[in-house]
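Pasted below: input.csv, CSV, C-alpha atoms and all ligand atoms.
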chain,number,residue,atom,x,y,z
A,8,MET,CA,105.5,146.9,-52.6
A,9,SER,CA,108.4,145.5,-54.5
A,10,THR,CA,107.9,142.1,-56.2
A,11,GLY,CA,111.1,140.9,-54.4
A,12,THR,CA,111.0,138.3,-51.7
A,13,LYS,CA,111.5,140.6,-48.8
A,14,GLN,CA,108.2,141.8,-47.4
A,15,PRO,CA,108.5,145.5,-46.2
A,16,THR,CA,107.6,146.3,-42.6
A,17,GLU,CA,104.6,148.3,-41.6
A,18,THR,CA,106.8,151.4,-41.2
A,19,GLU,CA,108.6,150.9,-44.5
A,20,TRP,CA,105.3,150.6,-46.2
A,21,GLU,CA,103.9,153.7,-44.5
A,22,GLN,CA,107.1,155.6,-45.4
A,23,LYS,CA,106.8,154.5,-49.0
A,24,LEU,CA,103.3,155.9,-49.3
A,25,ILE,CA,104.3,159.1,-47.6
A,26,ALA,CA,107.2,159.4,-50.1
A,27,ILE,CA,104.8,158.8,-53.0
A,28,ARG,CA,102.4,161.5,-51.7
A,29,ARG,CA,105.2,164.0,-51.3
A,30,GLN,CA,106.6,163.3,-54.8
A,31,LEU,CA,103.2,163.9,-56.3
A,32,HIS,CA,102.8,167.0,-54.2
A,33,GLN,CA,106.1,168.4,-55.6
A,34,TYR,CA,105.0,168.0,-59.2
A,35,PRO,CA,101.3,169.0,-59.4
A,36,GLU,CA,99.7,168.9,-62.8
A,37,VAL,CA,96.3,170.5,-63.6
A,38,ALA,CA,93.3,168.8,-65.3
A,39,TYR,CA,94.2,166.9,-68.5
A,40,GLU,CA,97.9,167.8,-68.1
A,41,GLU,CA,98.7,165.0,-65.7
A,42,TYR,CA,101.3,163.4,-67.9
A,43,GLU,CA,104.1,163.0,-65.3
A,44,THR,CA,101.6,162.0,-62.7
A,45,THR,CA,100.3,159.3,-65.0
A,46,ARG,CA,103.8,158.0,-65.8
A,47,SER,CA,104.7,157.9,-62.1
A,48,ILE,CA,101.5,156.0,-61.1
A,49,ARG,CA,102.0,153.5,-64.0
A,50,ASN,CA,105.6,152.9,-62.7
A,51,TRP,CA,104.6,152.4,-59.1
A,52,LEU,CA,101.9,149.9,-60.2
A,53,THR,CA,104.0,147.9,-62.6
A,54,ASP,CA,106.9,147.9,-60.1
A,55,ALA,CA,104.5,146.2,-57.7
A,56,GLY,CA,103.5,143.7,-60.4
A,57,ILE,CA,100.0,145.1,-60.7
A,58,ARG,CA,98.4,144.8,-64.2
A,59,LEU,CA,97.4,147.9,-66.0
A,60,VAL,CA,94.1,148.0,-67.9
A,61,GLU,CA,94.9,149.8,-71.1
A,62,LEU,CA,92.1,152.2,-72.1
A,63,PRO,CA,92.4,155.0,-74.6
A,64,LEU,CA,93.3,157.7,-72.2
A,65,GLU,CA,95.9,160.6,-72.5
A,66,THR,CA,96.1,160.9,-68.8
A,67,GLY,CA,94.8,158.8,-65.9
A,68,VAL,CA,95.5,155.1,-65.1
A,69,VAL,CA,93.3,152.1,-64.7
A,70,ALA,CA,94.7,148.9,-63.1
A,71,GLU,CA,93.4,145.7,-61.6
A,72,VAL,CA,94.3,142.9,-59.2
A,73,GLY,CA,92.6,139.6,-58.6
A,74,GLY,CA,90.0,137.8,-60.8
A,75,HIS,CA,91.8,134.4,-60.6
A,76,ASN,CA,88.7,132.9,-59.0
A,77,GLY,CA,86.1,134.8,-61.1
A,78,GLY,CA,83.7,136.8,-58.9
A,79,PRO,CA,82.5,140.4,-59.1
A,80,VAL,CA,84.5,143.6,-59.9
A,81,ILE,CA,84.7,146.4,-57.3
A,82,ALA,CA,86.3,149.7,-58.1
A,83,LEU,CA,88.3,152.1,-55.9
A,84,ARG,CA,88.7,155.6,-57.3
A,85,ALA,CA,91.3,158.3,-56.7
A,86,ASP,CA,91.5,161.6,-58.6
A,87,ILE,CA,94.9,162.8,-59.6
A,88,ASP,CA,94.8,166.5,-60.8
A,89,ALA,CA,96.0,169.6,-59.1
A,90,LEU,CA,94.8,173.3,-59.1
A,91,PRO,CA,96.2,176.5,-60.7
A,92,ILE,CA,97.0,177.9,-57.3
A,93,GLN,CA,100.4,179.2,-56.1
A,94,GLU,CA,101.4,177.2,-53.0
A,95,GLU,CA,102.0,179.1,-49.7
A,96,THR,CA,102.6,176.3,-47.3
A,97,GLY,CA,106.4,176.7,-47.0
A,98,LEU,CA,106.7,172.9,-46.7
A,99,PRO,CA,110.1,171.3,-47.6
A,100,TYR,CA,108.2,169.3,-50.3
A,101,ALA,CA,106.1,172.2,-51.6
A,102,SER,CA,105.2,172.4,-55.2
A,103,THR,CA,108.1,173.0,-57.6
A,104,VAL,CA,105.7,174.1,-60.4
A,105,VAL,CA,105.0,177.8,-60.3
A,106,GLY,CA,101.3,178.5,-60.2
A,107,ASN,CA,100.2,174.8,-59.6
A,108,MET,CA,99.4,173.1,-56.3
A,109,HIS,CA,97.8,170.0,-54.9
A,110,ALA,CA,95.5,172.3,-52.9
A,111,CYS,CA,92.6,169.8,-52.8
A,112,GLY,CA,94.7,166.8,-51.6
A,113,HIS,CA,94.3,164.6,-54.7
A,114,ASP,CA,97.9,163.6,-54.1
A,115,PHE,CA,96.7,162.2,-50.8
A,116,HIS,CA,93.9,160.3,-52.6
A,117,THR,CA,96.3,158.8,-55.1
A,118,ALA,CA,98.7,157.6,-52.4
A,119,VAL,CA,95.9,156.0,-50.5
A,120,ILE,CA,94.5,154.1,-53.4
A,121,LEU,CA,98.0,153.1,-54.5
A,122,GLY,CA,98.5,151.8,-51.0
A,123,ALA,CA,95.3,149.8,-51.2
A,124,ALA,CA,96.5,148.4,-54.5
A,125,PHE,CA,99.8,147.3,-53.0
A,126,LEU,CA,98.0,145.6,-50.1
A,127,LEU,CA,95.5,143.8,-52.3
A,128,LYS,CA,98.2,142.7,-54.7
A,129,GLN,CA,99.7,140.7,-51.7
A,130,GLN,CA,96.5,138.8,-51.3
A,131,GLU,CA,95.6,138.6,-55.0
A,132,GLU,CA,95.4,134.8,-55.1
A,133,LYS,CA,92.8,134.7,-52.4
A,134,LEU,CA,90.6,137.5,-53.6
A,135,PRO,CA,87.0,136.4,-54.4
A,136,GLY,CA,86.9,138.8,-57.4
A,137,THR,CA,88.6,141.7,-59.0
A,138,VAL,CA,89.5,145.1,-57.6
A,139,ARG,CA,89.9,147.8,-60.2
A,140,PHE,CA,91.7,151.0,-59.4
A,141,LEU,CA,90.7,154.2,-61.2
A,142,PHE,CA,93.2,157.0,-61.1
A,143,GLN,CA,91.0,159.6,-62.7
A,144,PRO,CA,92.2,162.9,-64.4
A,145,ALA,CA,90.4,166.2,-64.4
A,146,GLU,CA,88.2,166.0,-61.3
A,147,GLU,CA,88.5,169.8,-60.9
A,148,LYS,CA,87.0,170.3,-64.3
A,149,GLY,CA,84.1,168.0,-63.4
A,150,THR,CA,84.6,166.0,-66.6
A,151,GLY,CA,87.3,163.3,-65.8
A,152,ALA,CA,84.8,160.8,-64.4
A,153,SER,CA,82.6,161.0,-67.5
A,154,LEU,CA,85.6,160.5,-69.7
A,155,LEU,CA,86.7,157.3,-67.8
A,156,ILE,CA,83.1,155.9,-68.0
A,157,GLU,CA,83.0,156.7,-71.7
A,158,ARG,CA,86.3,154.9,-72.2
A,159,GLY,CA,85.0,151.7,-70.5
A,160,ALA,CA,86.5,152.0,-67.0
A,161,LEU,CA,83.3,150.8,-65.3
A,162,ALA,CA,82.8,147.8,-67.6
A,163,GLY,CA,81.7,144.9,-65.4
A,164,VAL,CA,82.1,146.9,-62.2
A,165,SER,CA,79.2,146.4,-59.6
A,166,ALA,CA,80.1,148.9,-56.9
A,167,ILE,CA,82.6,151.8,-56.5
A,168,PHE,CA,84.2,153.5,-53.5
A,169,GLY,CA,86.0,156.9,-53.5
A,170,LEU,CA,87.4,159.3,-50.9
A,171,HIS,CA,88.0,162.9,-50.2
A,172,ASN,CA,90.3,164.2,-47.5
A,173,LYS,CA,88.5,166.3,-44.9
A,174,PRO,CA,90.6,169.0,-43.2
A,175,ASP,CA,88.2,169.6,-40.4
A,176,LEU,CA,88.1,165.9,-39.4
A,177,ALA,CA,91.0,164.6,-37.3
A,178,VAL,CA,93.4,161.8,-38.5
A,179,GLY,CA,91.8,158.5,-37.5
A,180,THR,CA,88.2,159.8,-38.2
A,181,VAL,CA,86.1,159.0,-41.3
A,182,GLY,CA,82.9,160.8,-42.3
A,183,ILE,CA,80.3,158.4,-43.7
A,184,LYS,CA,76.7,158.9,-44.4
A,185,PRO,CA,74.0,157.5,-46.8
A,186,GLY,CA,72.2,159.7,-49.3
A,187,ALA,CA,73.3,163.2,-50.3
A,188,LEU,CA,76.8,164.1,-49.4
A,189,MET,CA,78.0,166.7,-52.0
A,190,ALA,CA,76.0,169.0,-54.2
A,191,SER,CA,75.2,169.1,-57.9
A,192,VAL,CA,77.3,171.8,-59.7
A,193,ASP,CA,75.6,173.8,-62.4
A,194,GLY,CA,76.5,177.2,-63.8
A,195,PHE,CA,74.9,180.0,-65.7
A,196,GLU,CA,75.9,183.1,-67.8
A,197,ILE,CA,73.4,185.9,-68.3
A,198,GLU,CA,73.6,188.7,-70.8
A,199,VAL,CA,71.4,191.7,-70.3
A,200,GLU,CA,71.2,193.9,-73.4
A,201,GLY,CA,69.9,197.4,-73.2
A,202,LEU,CA,70.7,200.5,-75.2
A,203,GLY,CA,73.8,202.6,-74.4
A,204,THR,CA,73.5,206.3,-73.8
A,205,HIS,CA,74.9,209.3,-72.1
A,206,ALA,CA,74.8,208.9,-68.3
A,207,ALA,CA,73.1,212.3,-68.0
A,208,ILE,CA,70.4,211.4,-70.7
A,209,PRO,CA,69.2,208.0,-69.4
A,210,HIS,CA,65.7,208.3,-71.0
A,211,ALA,CA,67.4,208.1,-74.4
A,212,GLY,CA,68.6,204.6,-73.7
A,213,ILE,CA,67.8,201.3,-71.9
A,214,ASP,CA,70.0,200.9,-68.8
A,215,PRO,CA,71.2,197.3,-68.5
A,216,ILE,CA,72.9,198.0,-65.2
A,217,VAL,CA,69.6,198.8,-63.5
A,218,ALA,CA,67.9,195.7,-65.1
A,219,ALA,CA,70.9,193.5,-64.1
A,220,SER,CA,70.7,194.8,-60.5
A,221,GLN,CA,67.0,193.9,-60.3
A,222,ILE,CA,67.8,190.4,-61.8
A,223,VAL,CA,70.5,189.7,-59.1
A,224,THR,CA,68.0,190.6,-56.4
A,225,ALA,CA,65.1,188.7,-58.0
A,226,LEU,CA,67.1,185.6,-58.4
A,227,GLN,CA,67.3,185.3,-54.6
A,228,SER,CA,63.6,184.5,-54.6
A,229,ILE,CA,64.2,181.1,-56.3
A,230,VAL,CA,65.5,179.6,-53.1
A,231,SER,CA,63.3,181.5,-50.8
A,232,ARG,CA,60.0,181.3,-52.7
A,233,SER,CA,60.2,178.5,-55.3
A,234,ILE,CA,62.0,175.7,-53.4
A,235,SER,CA,60.5,173.8,-50.5
A,236,PRO,CA,61.8,175.0,-47.1
A,237,LEU,CA,62.6,171.4,-46.4
A,238,ALA,CA,64.9,171.1,-49.5
A,239,ASN,CA,68.3,172.8,-50.0
A,240,ALA,CA,69.7,174.9,-52.8
A,241,VAL,CA,72.2,177.6,-53.4
A,242,VAL,CA,71.9,180.2,-56.2
A,243,SER,CA,74.9,182.5,-56.2
A,244,VAL,CA,75.6,185.3,-58.7
A,245,THR,CA,79.4,185.5,-58.6
A,246,THR,CA,80.4,187.9,-61.5
A,247,ILE,CA,79.0,191.2,-62.9
A,248,HIS,CA,80.7,192.9,-65.7
A,249,GLY,CA,79.4,196.1,-67.4
A,250,GLY,CA,80.4,199.5,-68.3
A,251,THR,CA,83.7,201.2,-69.0
A,252,THR,CA,83.5,204.7,-67.6
A,253,TRP,CA,81.5,206.9,-65.2
A,254,ASN,CA,79.5,209.0,-67.6
A,255,VAL,CA,78.3,206.4,-70.1
A,256,ILE,CA,75.4,203.9,-69.6
A,257,PRO,CA,76.7,200.8,-71.3
A,258,ASP,CA,74.6,198.7,-73.7
A,259,LYS,CA,75.4,195.3,-72.0
A,260,VAL,CA,75.9,193.7,-68.7
A,261,ALA,CA,77.2,190.1,-68.2
A,262,LEU,CA,76.3,188.1,-65.1
A,263,GLY,CA,77.6,184.7,-64.1
A,264,GLY,CA,77.0,182.3,-61.2
A,265,THR,CA,76.4,178.8,-59.9
A,266,VAL,CA,73.6,176.7,-58.6
A,267,ARG,CA,74.1,173.8,-56.1
A,268,THR,CA,71.4,171.3,-55.0
A,269,PHE,CA,71.2,168.0,-53.2
A,270,GLN,CA,68.0,166.6,-54.8
A,271,GLU,CA,67.5,166.0,-58.5
A,272,GLU,CA,63.9,167.2,-58.3
A,273,VAL,CA,65.1,170.5,-56.9
A,274,ARG,CA,67.9,170.7,-59.4
A,275,ARG,CA,65.5,170.3,-62.3
A,276,GLN,CA,63.2,173.1,-61.0
A,277,ILE,CA,65.9,175.8,-61.1
A,278,PRO,CA,66.8,176.5,-64.7
A,279,ASP,CA,63.2,177.3,-65.8
A,280,ARG,CA,62.7,179.6,-62.8
A,281,LEU,CA,66.0,181.3,-63.5
A,282,ARG,CA,65.2,181.9,-67.1
A,283,ALA,CA,61.7,183.2,-66.3
A,284,ILE,CA,63.0,185.7,-63.8
A,285,VAL,CA,65.9,186.9,-66.0
A,286,GLU,CA,63.7,187.3,-69.1
A,287,GLY,CA,60.7,188.7,-67.2
A,288,VAL,CA,62.7,191.3,-65.2
A,289,ALA,CA,64.7,192.4,-68.3
A,290,ALA,CA,61.5,192.8,-70.2
A,291,ALA,CA,60.0,194.9,-67.5
A,292,TYR,CA,62.9,197.3,-67.9
A,293,GLY,CA,62.7,197.3,-71.7
A,294,ALA,CA,65.9,195.2,-72.0
A,295,LYS,CA,66.6,191.8,-73.5
A,296,ALA,CA,68.3,189.0,-71.7
A,297,SER,CA,69.7,185.6,-72.6
A,298,VAL,CA,70.8,182.7,-70.4
A,299,ARG,CA,73.4,180.0,-71.1
A,300,TRP,CA,73.2,177.0,-68.8
A,301,PHE,CA,76.1,174.7,-67.9
A,302,GLN,CA,75.3,171.4,-66.4
A,303,GLY,CA,78.0,169.9,-64.2
A,304,PRO,CA,78.0,166.8,-62.0
A,305,PRO,CA,74.9,165.7,-60.2
A,306,SER,CA,74.9,165.4,-56.4
A,307,VAL,CA,76.9,162.6,-54.7
A,308,GLN,CA,74.4,160.1,-53.4
A,309,ASN,CA,75.7,157.3,-51.3
A,310,ASP,CA,74.1,153.9,-51.5
A,311,ALA,CA,72.5,152.9,-48.2
A,312,GLU,CA,73.7,149.3,-48.1
A,313,LEU,CA,77.3,150.0,-49.2
A,314,THR,CA,77.3,152.9,-46.7
A,315,ARG,CA,76.6,150.4,-43.9
A,316,LEU,CA,79.4,148.2,-45.1
A,317,ALA,CA,81.8,151.2,-45.3
A,318,ALA,CA,80.9,152.3,-41.7
A,319,GLU,CA,81.1,148.8,-40.3
A,320,THR,CA,84.5,148.2,-41.9
A,321,ALA,CA,85.8,151.5,-40.6
A,322,ALA,CA,84.6,150.8,-37.0
A,323,ARG,CA,86.2,147.3,-37.2
A,324,ARG,CA,89.5,148.9,-38.1
A,325,GLY,CA,89.4,151.2,-35.1
A,326,LEU,CA,88.6,154.3,-37.1
A,327,GLN,CA,86.2,156.8,-35.6
A,328,VAL,CA,83.0,157.0,-37.7
A,329,VAL,CA,81.1,160.3,-37.7
A,330,THR,CA,78.2,161.5,-39.7
A,331,PRO,CA,79.5,164.3,-41.9
A,332,GLU,CA,77.7,167.5,-42.8
A,333,PRO,CA,76.9,167.5,-46.5
A,334,THR,CA,78.9,170.1,-48.4
A,335,SER,CA,77.7,172.2,-51.2
A,336,ALA,CA,81.0,171.7,-53.0
A,337,GLY,CA,80.7,169.2,-55.9
A,338,GLU,CA,82.4,166.0,-57.0
A,339,ASP,CA,82.3,164.3,-60.3
A,340,PHE,CA,82.4,160.9,-58.4
A,341,ALA,CA,78.6,161.4,-58.7
A,342,TYR,CA,78.8,160.4,-62.4
A,343,TYR,CA,79.9,156.9,-61.4
A,344,GLN,CA,77.0,156.6,-59.0
A,345,GLN,CA,74.6,157.3,-61.8
A,346,HIS,CA,75.7,153.9,-63.3
A,347,ILE,CA,76.5,151.8,-60.3
A,348,PRO,CA,76.0,152.0,-56.5
A,349,GLY,CA,78.8,153.7,-54.7
A,350,VAL,CA,80.0,155.4,-51.5
A,351,PHE,CA,82.1,158.5,-51.2
A,352,VAL,CA,84.0,158.6,-47.9
A,353,PHE,CA,85.5,161.6,-46.1
A,354,VAL,CA,88.8,160.8,-44.6
A,355,GLY,CA,90.0,163.0,-41.7
A,356,THR,CA,93.4,164.7,-42.4
A,357,SER,CA,93.7,167.3,-39.6
A,358,GLY,CA,94.2,170.0,-42.2
A,359,THR,CA,95.2,173.5,-41.4
A,360,ASN,CA,93.1,175.1,-44.1
A,361,GLU,CA,90.0,174.4,-46.3
A,362,TRP,CA,90.2,172.8,-49.7
A,363,HIS,CA,91.7,175.1,-52.4
A,364,HIS,CA,93.5,177.4,-49.9
A,365,PRO,CA,97.1,178.2,-50.9
A,366,ALA,CA,98.2,177.0,-47.4
A,367,PHE,CA,96.1,173.8,-47.6
A,368,THR,CA,97.8,170.7,-46.0
A,369,VAL,CA,97.1,167.1,-45.2
A,370,ASP,CA,98.6,165.1,-42.3
A,371,ASP,CA,100.5,162.2,-43.9
A,372,ARG,CA,99.7,159.9,-40.9
A,373,ALA,CA,96.3,159.5,-42.4
A,374,ILE,CA,97.6,157.8,-45.6
A,375,ALA,CA,98.4,154.2,-44.4
A,376,PRO,CA,95.3,153.7,-42.2
A,377,ALA,CA,93.1,154.9,-45.1
A,378,ALA,CA,94.9,152.6,-47.6
A,379,SER,CA,94.4,149.5,-45.3
A,380,TYR,CA,90.8,150.6,-44.8
A,381,PHE,CA,90.0,150.8,-48.5
A,382,ALA,CA,91.7,147.5,-49.2
A,383,GLU,CA,89.5,145.8,-46.6
A,384,LEU,CA,86.4,147.6,-47.8
A,385,ALA,CA,87.0,146.3,-51.3
A,386,VAL,CA,87.4,142.8,-50.1
A,387,GLY,CA,84.2,143.1,-48.0
A,388,ALA,CA,82.3,144.4,-51.0
A,389,LEU,CA,83.7,141.5,-53.1
A,390,LYS,CA,82.4,139.1,-50.5
A,391,GLY,CA,79.1,140.9,-50.5
A,392,ARG,CA,79.1,141.6,-46.8
B,401,NI,NI,89.0,167.6,-54.5
Rewritten as structure tokens:
Amino acid sequence: MSTGTKQPTETEWEQKLIAIRRQLHQYPEVAYEEYETTRSIRNWLTDAGIRLVELPLETGVVAEVGGHNGGPVIALRADIDALPIQEETGLPYASTVVGNMHACGHDFHTAVILGAAFLLKQQEEKLPGTVRFLFQPAEEKGTGASLLIERGALAGVSAIFGLHNKPDLAVGTVGIKPGALMASVDGFEIEVEGLGTHAAIPHAGIDPIVAASQIVTALQSIVSRSISPLANAVVSVTTIHGGTTWNVIPDKVALGGTVRTFQEEVRRQIPDRLRAIVEGVAAAYGAKASVRWFQGPPSVQNDAELTRLAAETAARRGLQVVTPEPTSAGEDFAYYQQHIPGVFVFVGTSGTNEWHHPAFTVDDRAIAPAASYFAELAVGALKGR
């Protein structure tokens, strides 16, 4: 909203948010390279008279409204980064950056939270607290949230709300549930070391391909035999590299993969089981193996009480509230929830394709209702109801 005297109409406001989303869509920037995106967000906020919170950040923006009457601080979070994917939507406002695309709809999230900021700015004097807006970089790397936390973005904040578009939900629908919503994201690299030899003289060497094959199969027993049937986990081996030609047994094979869980107890069980299997199976074949473990975001766990507020607010606004299926994709929003209670909401966007698809789209009609919803949710949380 401009700071001028003329209040825009509903349609003008909606069109402005759509224009913002499409502008972001045309200039997608990947994790930690969101310089133009950052500049644009800062300009939109300052044009609306919204104060920026200056934190030591190369990319990403933090801003605030309210606080004139004291009161608590509530945060609304959007992620702003794009993906290294070549867009294939054929849209008139498709990406103009070769090889980059907003294929996860973070442009949509940014437009929604900007819209909420514009609305809350209009009622700033009456707000019973402060609403802080986090425009977070590098969600796709899983590290942007931690960076913002480290730089002080959560200082004084008592609750946080975030969103992700959901292509399989229709516009006008929101998916809200307490507890686990998205999975923890860990990764591993395994190196199996044998002894190279002529393919026709295998007994003179130690074949890492046979050992690695047994490891891949044995790892499937983690979920089926070590995890409770009532819990959930995914262990996927996603890369295998070894060998250079048909008549040589190589000396090494590299494996890689990912582990997803919804419960911290389950998550903690897996690295030890994985190491034991990898090292034990390799040893059984006379090979050696090492494991490198990469810990990513924990699972997204929605606070029960705030979830109730989020669902009630949505219903009051005429949105259809559904209980979403948890997804084994991850979200670094989970890091905020390790510090303060929060809710991550799925917003229906009637998409044509799943997240990260080159022809992924969102329906722009979902922007304005979501913006009003998050503004009202923030006010509700400030009032503690
Ligand atoms: Ni995303």
### Summary
Restricting to only C-alpha atoms, whichever of A:Gly287, A:Gly203, A:Pro331, A:Gly67 is closest to Gly250 of chain A is A:Gly203
#### Entry: Surrounding residues of Val244 of chain A excluding itself and chain neighbours under 6 positions, 7 Å, only C-alpha atoms, as a ChimeraX atom specification
/A:223,263-265
### Task
Residues within 7 Å of ligand NI 401 (chain B), counting only C-alpha atoms and all ligand atoms: report them as a list in words.
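Checked against 7 Å with only C-alpha atoms and all ligand atoms; the hits are Cys111, Gly112, His113, Glu147 and His171 of chain A.
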Next, the residues of the selection above should be written as a tab-separated table (two decimals), in the frame of the given file with C-alpha atoms.
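Printed below is out26.tsv as written:
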chain	number	residue	atom	x	y	z
A	111	CYS	CA	92.60	169.80	-52.80
A	112	GLY	CA	94.70	166.80	-51.60
A	113	HIS	CA	94.30	164.60	-54.70
A	147	GLU	CA	88.50	169.80	-60.90
A	171	HIS	CA	88.00	162.90	-50.20
### Message
Counting all atoms listed in the file, which residue out of A:Arg324, A:Thr16, A:Val260, A:His346 sits closest to Glu157 of chain A?
### Response
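Looking only at the distances to Glu157 of chain A, the closest residue turns out to be A:His346.
In terms of minimum interatomic distance to Tyr292 of chain A, A:Asp214 ranks closest within A:Glu196, A:Glu94, A:Glu338, A:Asp214, counting only C-alpha atoms.
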#### Entry: Residue among A:Arg267, A:Arg275, A:Lys184, A:Lys259 lying closest to Arg315 of chain A, counting all atoms listed in the file
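Nearest candidate to Arg315 of chain A out of A:Arg267, A:Arg275, A:Lys184, A:Lys259: A:Lys184.
Atom CA of Gln327 of chain A is positioned 24.1 Å from atom CA of Asp86 of chain A.
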### Message
With all atoms listed in the file as the counted atoms, please give the residues lying no more than 7 Å from segment 374-386 of chain A, apart from itself and same-chain residues fewer than 5 positions off, as a count of residues only.
### Response
14
### Message
Measuring between only C-alpha atoms, which one of A:Pro174, A:Gly74, A:Pro236, A:Gly169 shows the shortest distance to Asp370 of chain A?
### Response
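Closest candidate: A:Pro174.
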### Task
May I have the protein, DNA and RNA residues with any atom at most 9 Å from the point (102.1, 171.7, -58.9), counting all atoms listed in the file, written as a VMD selection string?
chain A and resid 31 to 37 89 to 94 101 to 110
### Summary
re atom CA of Ala261 of chain A and atom CA of Tyr39 of chain A: distance 28.8 Å
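The residue that comes closest to Pro278 of chain A, out of A:Thr245, A:Thr18, A:Ser233, A:Gln308 and on the basis of all atoms listed in the file, is A:Ser233.
A straight line drawn from atom CA of Leu188 of chain A to atom CA of Leu326 of chain A is 19.7 Å long.
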### Task
Find the residues around Gln221 of chain A up to 10 Å (only C-alpha atoms counted), leave out those fewer than 3 positions away in its own chain, and share them as a list in words.
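Answer for this query is Pro215, Ile216, Val217, Ala218, Thr224, Ala225, Leu226, Ile284, Val285, Val288, Ala289 and Tyr292 of chain A.
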### Query
Need the neighbours of (76.3, 164.4, -63.2): which residues are at most 8 Å away, counting all atoms listed in the file, as an NGL selection string?
:A and (191 or 302-306 or 339 or 341-342 or 345)
### Task
Show which residues sit within 12 Å of Val72 of chain A, as a ChimeraX atom specification. Count all atoms listed in the file, and ignore same-chain residues fewer than 4 positions away.
/A:52-53,55-60,76-77,80-83,121,123-140,382,385-386
